[in-house]
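The structure under discussion appears below in the form of structure tokens.
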Amino acid sequence: MKPHRIDAHQHFWFYQPAAYPWIGRGMELLACDRTPGQLQPVLAAEGLEQSIAVQARAGRDETEFLLDLARSNRRIAGVVGWEDLASPHLAANVERWGSDKLVGFRHQLQDEADVSAFVEAPAFNAGIGWLQRRGLVYDVLIYARQMPEVQAFCARHDRHWLVLDHLGKPALADFGKSEAVFADWKRHLRALAALPHVACKLSGLVTEADWQRGLRQKDYDNIVLCLDAALDAFGPQRLMFGSDWPVCLLAASYAKVAAVVREWAATRLSASEQELLWGQTAARCYGLV
């Protein structure tokens with residue numbers, strides 16, 4: 001049976017300004033509804049069959065919204081939702097969703113004023129432990145500068161997969177300012193990759209460059225540097241493709257995002273390793289059938 005090809009990271013929403021305050025000035029392209037009907041043609045054009053829908057805002061209604069979409073759309077393979085993972089009612093809250101297509105959870109750690117304090121809180125850690133015992137993935141969303149703050153947290157929770165979103169958001173826009181920017185990110189990435197239960201999404205890179213001035217060849221060269229560093233750190237078995245659609249559209253088309261990774265993979269990975277990248281690893285980590 002041919003393995004499914006999966007975009008492991010994308011978003012849907014019915015746009016309301018108050019619900020998406022992170023969609024700010026200069027991001028008007030995102031200030032509209034983004035639905036499965038819009039994604040599926042571009043997904044199919046790249047030979048991808050399914051996607052994993054990831055939360056884009058905090059709130060239990062976000063999880064309900066995504067699960068409602070997924071239950072009526074076979075091309076949505078799974079949902080990474082939001083839940084108050086520190087709640088004493090976590091088990092009951094999650095069980096109300098049922099298991100159909102709910103594959104994990106995410107919190108916008110990148111927006112926390114003190115990431116270390118957040119991930120060290122006993123109630124939050126108890127929640128992550130419960131998720132892992134249930135076979136649910138936790139997606140780690142942080143900026144490069146915050147990577148050291150989650151090292152101990154990621155090491156502690158080793159009973160199931162943790163997935164690092166967007167390669168830890170390397171500060172591509174600053175790569176030309178100092179060699180230390182790339183070197184520090186690479187060192188912290190390797191530290192997380194040393195944990196065998198941490199996987200990584202090759203996603204979200206185009207919008208870490210200075211997308212407002214338009215991407216240039218140097219930006220794509222820097223993206224390839226990051227992809228090479230991720231491969232060196234994680235190996236081909238723990239990498240998965242994600243588009244970050246529709247956010248990626250701020251900087252590049254879906255086709256361009258996929259092409260950058262496809263052309264890179266064609267010269268670095270064997271045919272079987274490319275199958276891992278384009279779906280098998282996502283299916284394994286998120287328990288997709």
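Residue numbering restarts at 1 in every chain; chains get A, B, ... in the order shown in the structure tokens, and ligands count up from 1 in that same order.
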Inset, instruction - Identify, on the basis of only C-alpha atoms, every residue whose closest approach to Ile223 of chain A does not exceed 12 Å; exclude the query and any residue fewer than 6 positions from it along the same chain; express the result as a list in words. - result: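 Contacts, in chain order: His166, Leu167, Lys169, Pro170, Ala171, Leu172, Ala173, Phe175, Phe182, Leu202, Ser203, Gly204, Leu205, Val206, Thr207, Glu208, Ala209, Leu215, Arg216, Gln217, Ala229, Ala230, Val257, Val260, Val261 and Trp264 of chain A.
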Inset, instruction - Write down as an NGL selection string the residues belonging to segment 131-268 of chain A that are assigned strand (DSSP E) by DSSP computed on the backbone. - result: :A and (137-140 or 162-164 or 198-202 or 239-241)
Legend entry - Nearby residues (only C-alpha atoms) at most 6 Å from Asp165 of chain A, same-chain spacing under 3 positions excluded, as a list in words: Val140, Leu141 and Lys201 of chain A
Residues of the last selection are to be written out with all heavy atoms, as a PDB file, in the first residue's frame.
```
ATOM      1  N   VAL A 140       6.117  21.664  20.482  1.00  0.00           N
ATOM      2  CA  VAL A 140       6.875  22.692  21.186  1.00  0.00           C
ATOM      3  C   VAL A 140       7.081  23.881  20.249  1.00  0.00           C
ATOM      4  O   VAL A 140       7.796  23.774  19.244  1.00  0.00           O
ATOM      5  CB  VAL A 140       8.234  22.145  21.659  1.00  0.00           C
ATOM      6  CG1 VAL A 140       9.005  23.220  22.427  1.00  0.00           C
ATOM      7  CG2 VAL A 140       8.035  20.900  22.528  1.00  0.00           C
ATOM      8  N   LEU A 141       6.449  25.004  20.573  1.00  0.00           N
ATOM      9  CA  LEU A 141       6.526  26.210  19.753  1.00  0.00           C
ATOM     10  C   LEU A 141       7.315  27.281  20.497  1.00  0.00           C
ATOM     11  O   LEU A 141       6.837  27.854  21.477  1.00  0.00           O
ATOM     12  CB  LEU A 141       5.121  26.731  19.437  1.00  0.00           C
ATOM     13  CG  LEU A 141       5.055  28.053  18.659  1.00  0.00           C
ATOM     14  CD1 LEU A 141       5.648  27.903  17.267  1.00  0.00           C
ATOM     15  CD2 LEU A 141       3.623  28.572  18.594  1.00  0.00           C
ATOM     16  N   LYS A 201       9.826  19.517  12.828  1.00  0.00           N
ATOM     17  CA  LYS A 201       9.128  19.882  11.600  1.00  0.00           C
ATOM     18  C   LYS A 201       9.964  20.852  10.778  1.00  0.00           C
ATOM     19  O   LYS A 201      10.403  21.888  11.282  1.00  0.00           O
ATOM     20  CB  LYS A 201       7.787  20.537  11.926  1.00  0.00           C
ATOM     21  CG  LYS A 201       6.749  19.576  12.479  1.00  0.00           C
ATOM     22  CD  LYS A 201       5.451  20.304  12.781  1.00  0.00           C
ATOM     23  CE  LYS A 201       4.418  19.356  13.382  1.00  0.00           C
ATOM     24  NZ  LYS A 201       3.180  20.047  13.773  1.00  0.00           N
TER      25      LYS A 201
END
```
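With only C-alpha atoms as the atoms that count, the residue of A:Gly279, A:Gly168, A:Pro246, A:Pro196 with the shortest distance to Leu39 of chain A is A:Pro246.
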Legend entry - Spatial neighbours of segment 75-81 of chain A, max dist 10 Å, only C-alpha atoms, sep filter under 4 positions, as a PyMOL selection string: chain A and resi 4+6-11+36+40+43+48-67+69-71+100-107+136-139+283+286-289
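For Ala91 of chain A, the list of residues within 12 Å, based on only C-alpha atoms and with local chain neighbours fewer than 4 positions off taken out, reads Glu83, Asp84, Leu85, Ala86, Ser87, Glu95, Arg96, Trp97, Gly98, Ala126, Gly127, Ile128, Gly129, Trp130, Leu131, Arg133 and Arg134 of chain A.
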Generate a file of the selected residues that holds all heavy atoms, formatted as a compact mmCIF listing (two decimals), in the first residue's frame.
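Now in selection15.txt:
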```
# COMPACT_ATOMS: atom_id res chain seq x y z
N GLU A 83 -5.51 22.99 24.83
CA GLU A 83 -6.20 22.65 26.06
C GLU A 83 -5.41 23.26 27.21
O GLU A 83 -4.19 23.48 27.09
CB GLU A 83 -6.30 21.13 26.22
CG GLU A 83 -7.06 20.63 27.44
CD GLU A 83 -8.50 21.12 27.47
OE1 GLU A 83 -9.35 20.55 26.76
OE2 GLU A 83 -8.76 22.09 28.21
N ASP A 84 -6.08 23.57 28.30
CA ASP A 84 -5.38 24.02 29.50
C ASP A 84 -4.73 22.80 30.13
O ASP A 84 -5.38 22.06 30.89
CB ASP A 84 -6.37 24.69 30.45
CG ASP A 84 -5.70 25.15 31.75
OD1 ASP A 84 -4.46 25.01 31.86
OD2 ASP A 84 -6.41 25.64 32.63
N LEU A 85 -3.47 22.60 29.82
CA LEU A 85 -2.79 21.38 30.24
C LEU A 85 -2.47 21.37 31.73
O LEU A 85 -2.10 20.33 32.28
CB LEU A 85 -1.51 21.19 29.42
CG LEU A 85 -1.74 21.08 27.91
CD1 LEU A 85 -0.42 20.90 27.18
CD2 LEU A 85 -2.67 19.92 27.59
N ALA A 86 -2.61 22.51 32.39
CA ALA A 86 -2.39 22.58 33.83
C ALA A 86 -3.68 22.38 34.62
O ALA A 86 -3.66 22.38 35.86
CB ALA A 86 -1.76 23.92 34.20
N SER A 87 -4.78 22.22 33.94
CA SER A 87 -6.07 22.10 34.62
C SER A 87 -6.18 20.79 35.40
O SER A 87 -5.78 19.73 34.90
CB SER A 87 -7.21 22.16 33.59
OG SER A 87 -8.44 21.82 34.19
N GLU A 95 -11.09 13.85 27.37
CA GLU A 95 -11.93 12.70 27.05
C GLU A 95 -13.24 13.13 26.39
O GLU A 95 -13.82 12.38 25.60
CB GLU A 95 -12.19 11.89 28.32
CG GLU A 95 -10.96 11.08 28.73
CD GLU A 95 -11.08 10.49 30.12
OE1 GLU A 95 -12.14 10.67 30.75
OE2 GLU A 95 -10.11 9.87 30.58
N ARG A 96 -13.68 14.35 26.64
CA ARG A 96 -14.91 14.83 26.00
C ARG A 96 -14.73 14.99 24.49
O ARG A 96 -15.70 14.92 23.73
CB ARG A 96 -15.32 16.18 26.60
CG ARG A 96 -15.85 16.10 28.00
CD ARG A 96 -16.51 17.41 28.43
NE ARG A 96 -16.79 17.40 29.86
CZ ARG A 96 -16.06 18.03 30.77
NH1 ARG A 96 -14.99 18.70 30.40
NH2 ARG A 96 -16.39 17.98 32.04
N TRP A 97 -13.48 15.21 24.06
CA TRP A 97 -13.24 15.36 22.62
C TRP A 97 -13.34 14.02 21.90
O TRP A 97 -13.57 14.00 20.69
CB TRP A 97 -11.85 15.94 22.37
CG TRP A 97 -11.58 17.31 22.93
CD1 TRP A 97 -10.55 17.67 23.75
CD2 TRP A 97 -12.32 18.51 22.71
NE1 TRP A 97 -10.61 18.99 24.05
CE2 TRP A 97 -11.69 19.54 23.43
CE3 TRP A 97 -13.47 18.81 21.98
CZ2 TRP A 97 -12.16 20.85 23.43
CZ3 TRP A 97 -13.94 20.11 21.98
CH2 TRP A 97 -13.30 21.11 22.70
N GLY A 98 -13.10 12.94 22.62
CA GLY A 98 -12.99 11.65 21.95
C GLY A 98 -11.62 11.50 21.33
O GLY A 98 -10.79 12.42 21.36
N ALA A 126 2.54 17.92 35.09
CA ALA A 126 1.63 16.80 35.32
C ALA A 126 0.74 16.58 34.11
O ALA A 126 0.46 15.43 33.71
CB ALA A 126 0.78 17.07 36.57
N GLY A 127 0.31 17.68 33.50
CA GLY A 127 -0.52 17.57 32.30
C GLY A 127 0.23 16.94 31.13
O GLY A 127 -0.31 16.08 30.42
N ILE A 128 1.47 17.35 30.92
CA ILE A 128 2.27 16.76 29.85
C ILE A 128 2.48 15.27 30.11
O ILE A 128 2.40 14.44 29.18
CB ILE A 128 3.62 17.48 29.71
CG1 ILE A 128 3.41 18.94 29.30
CG2 ILE A 128 4.51 16.76 28.70
CD1 ILE A 128 2.82 19.14 27.93
N GLY A 129 2.74 14.92 31.36
CA GLY A 129 2.90 13.50 31.69
C GLY A 129 1.65 12.70 31.37
O GLY A 129 1.73 11.58 30.84
N TRP A 130 0.49 13.28 31.65
CA TRP A 130 -0.77 12.59 31.35
C TRP A 130 -0.94 12.43 29.83
O TRP A 130 -1.34 11.36 29.36
CB TRP A 130 -1.94 13.38 31.93
CG TRP A 130 -3.26 12.69 31.72
CD1 TRP A 130 -3.83 11.74 32.52
CD2 TRP A 130 -4.16 12.89 30.62
NE1 TRP A 130 -5.03 11.33 31.98
CE2 TRP A 130 -5.25 12.02 30.82
CE3 TRP A 130 -4.14 13.70 29.49
CZ2 TRP A 130 -6.32 11.95 29.93
CZ3 TRP A 130 -5.21 13.64 28.61
CH2 TRP A 130 -6.29 12.78 28.83
N LEU A 131 -0.64 13.50 29.07
CA LEU A 131 -0.72 13.40 27.61
C LEU A 131 0.14 12.26 27.10
O LEU A 131 -0.29 11.47 26.24
CB LEU A 131 -0.25 14.70 26.95
CG LEU A 131 -1.08 15.95 27.05
CD1 LEU A 131 -0.48 17.04 26.18
CD2 LEU A 131 -2.53 15.70 26.66
N ARG A 133 1.24 9.58 28.59
CA ARG A 133 0.71 8.26 28.94
C ARG A 133 -0.46 7.88 28.04
O ARG A 133 -0.69 6.69 27.80
CB ARG A 133 0.28 8.24 30.41
CG ARG A 133 1.44 8.30 31.39
CD ARG A 133 1.00 8.00 32.81
NE ARG A 133 0.05 8.98 33.34
CZ ARG A 133 0.39 10.12 33.93
NH1 ARG A 133 1.67 10.46 34.04
NH2 ARG A 133 -0.55 10.94 34.41
N ARG A 134 -1.15 8.88 27.52
CA ARG A 134 -2.27 8.62 26.62
C ARG A 134 -1.83 8.52 25.15
O ARG A 134 -2.65 8.31 24.27
CB ARG A 134 -3.29 9.75 26.75
CG ARG A 134 -4.09 9.72 28.03
CD ARG A 134 -5.04 8.55 28.08
NE ARG A 134 -5.99 8.56 26.99
CZ ARG A 134 -7.18 9.13 27.04
NH1 ARG A 134 -7.59 9.75 28.15
NH2 ARG A 134 -7.99 9.09 26.00
```
Can you tell me which residues surround Ala233 of chain A at a distance of at most 9 Å, considering only C-alpha atoms, apart from same-chain residues fewer than 6 positions away, and format the answer as a CSV table (one decimal) with N, CA and C atoms, in the first residue's frame?
```csv
chain,number,residue,atom,x,y,z
A,186,LYS,N,22.2,26.5,16.0
A,186,LYS,CA,22.6,25.2,15.7
A,186,LYS,C,23.0,24.4,16.9
A,189,LEU,N,19.8,23.5,18.8
A,189,LEU,CA,19.1,22.5,18.1
A,189,LEU,C,19.7,21.1,18.3
A,190,ARG,N,21.0,21.0,18.3
A,190,ARG,CA,21.6,19.7,18.5
A,190,ARG,C,21.4,19.2,19.9
A,191,ALA,N,21.3,20.1,20.9
A,191,ALA,CA,21.0,19.7,22.2
A,191,ALA,C,19.6,19.0,22.3
A,192,LEU,N,18.6,19.6,21.7
A,192,LEU,CA,17.3,19.1,21.7
A,192,LEU,C,17.3,17.8,20.9
A,193,ALA,N,18.0,17.8,19.8
A,193,ALA,CA,18.0,16.6,18.9
A,193,ALA,C,18.7,15.4,19.6
A,194,ALA,N,19.5,15.6,20.6
A,194,ALA,CA,20.1,14.6,21.3
A,194,ALA,C,19.1,13.7,22.1
```
Inset, instruction - Determine which residues of segment 16-226 of chain A receive a DSSP assignment of alpha helix (DSSP H), computed from the backbone, and state them as an MDAnalysis selection string. - result: chainID A and resid 36:45 60:71 90:97 115:120 122:133 151:156 179:193 217:226
Inset, instruction - Show which residues sit within 8 Å of segment 148-153 of chain A, as JSON, numbers by chain. Count only C-alpha atoms, and ignore same-chain residues fewer than 4 positions away. - result: {"A": [115, 116, 119, 120, 157, 188, 191, 192]}
Please produce an output containing all heavy atoms for each residue in the selection, written as a CSV table (one decimal), in the first residue's frame.
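Writing done, so here's selection-v2.csv:
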```
chain,number,residue,atom,x,y,z
A,115,VAL,N,9.3,31.7,29.8
A,115,VAL,CA,9.1,30.3,29.3
A,115,VAL,C,9.6,29.3,30.3
A,115,VAL,O,8.9,28.3,30.6
A,115,VAL,CB,9.8,30.1,27.9
A,115,VAL,CG1,9.8,28.6,27.5
A,115,VAL,CG2,9.2,30.9,26.8
A,116,SER,N,10.7,29.6,31.0
A,116,SER,CA,11.2,28.6,32.0
A,116,SER,C,10.2,28.4,33.1
A,116,SER,O,10.0,27.3,33.5
A,116,SER,CB,12.6,29.2,32.6
A,116,SER,OG,13.6,29.2,31.6
A,119,VAL,N,7.2,26.2,31.8
A,119,VAL,CA,7.4,24.8,31.6
A,119,VAL,C,7.9,24.1,32.8
A,119,VAL,O,7.9,22.8,32.9
A,119,VAL,CB,8.4,24.5,30.4
A,119,VAL,CG1,7.9,25.1,29.1
A,119,VAL,CG2,9.8,25.1,30.7
A,120,GLU,N,8.2,24.8,33.9
A,120,GLU,CA,8.6,24.2,35.1
A,120,GLU,C,7.5,24.1,36.1
A,120,GLU,O,7.6,23.5,37.2
A,120,GLU,CB,9.8,24.9,35.8
A,120,GLU,CG,11.1,24.8,35.0
A,120,GLU,CD,11.5,23.4,34.8
A,120,GLU,OE1,11.5,22.6,35.8
A,120,GLU,OE2,12.0,23.0,33.7
A,157,HIS,N,10.3,14.8,29.8
A,157,HIS,CA,9.1,14.1,29.2
A,157,HIS,C,9.5,13.2,28.1
A,157,HIS,O,9.4,13.6,26.9
A,157,HIS,CB,8.1,15.2,28.9
A,157,HIS,CG,7.5,15.9,30.0
A,157,HIS,ND1,6.7,15.3,31.0
A,157,HIS,CD2,7.8,17.2,30.5
A,157,HIS,CE1,6.4,16.2,31.9
A,157,HIS,NE2,7.1,17.3,31.7
A,188,HIS,N,22.0,24.8,20.1
A,188,HIS,CA,20.8,24.5,20.9
A,188,HIS,C,19.9,23.5,20.2
A,188,HIS,O,19.3,22.6,20.8
A,188,HIS,CB,20.0,25.8,21.1
A,188,HIS,CG,20.7,26.8,21.9
A,188,HIS,ND1,21.5,26.5,23.0
A,188,HIS,CD2,20.8,28.2,21.8
A,188,HIS,CE1,22.1,27.6,23.5
A,188,HIS,NE2,21.7,28.6,22.8
A,191,ALA,N,21.3,20.1,20.9
A,191,ALA,CA,21.0,19.7,22.2
A,191,ALA,C,19.6,19.0,22.3
A,191,ALA,O,19.4,18.0,23.0
A,191,ALA,CB,21.2,20.8,23.2
A,192,LEU,N,18.6,19.6,21.7
A,192,LEU,CA,17.3,19.1,21.7
A,192,LEU,C,17.3,17.8,20.9
A,192,LEU,O,16.6,16.8,21.2
A,192,LEU,CB,16.3,20.1,21.2
A,192,LEU,CG,16.0,21.3,22.1
A,192,LEU,CD1,15.0,22.2,21.4
A,192,LEU,CD2,15.4,20.8,23.4
```
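One finds atom CA of Leu231 of chain A at 8.8 Å from atom CA of Arg268 of chain A.
Comparing A:Arg145, A:Lys177, A:Arg74, A:His160 by their smallest distance to Arg284 of chain A, the closest is A:His160 (using only C-alpha atoms).
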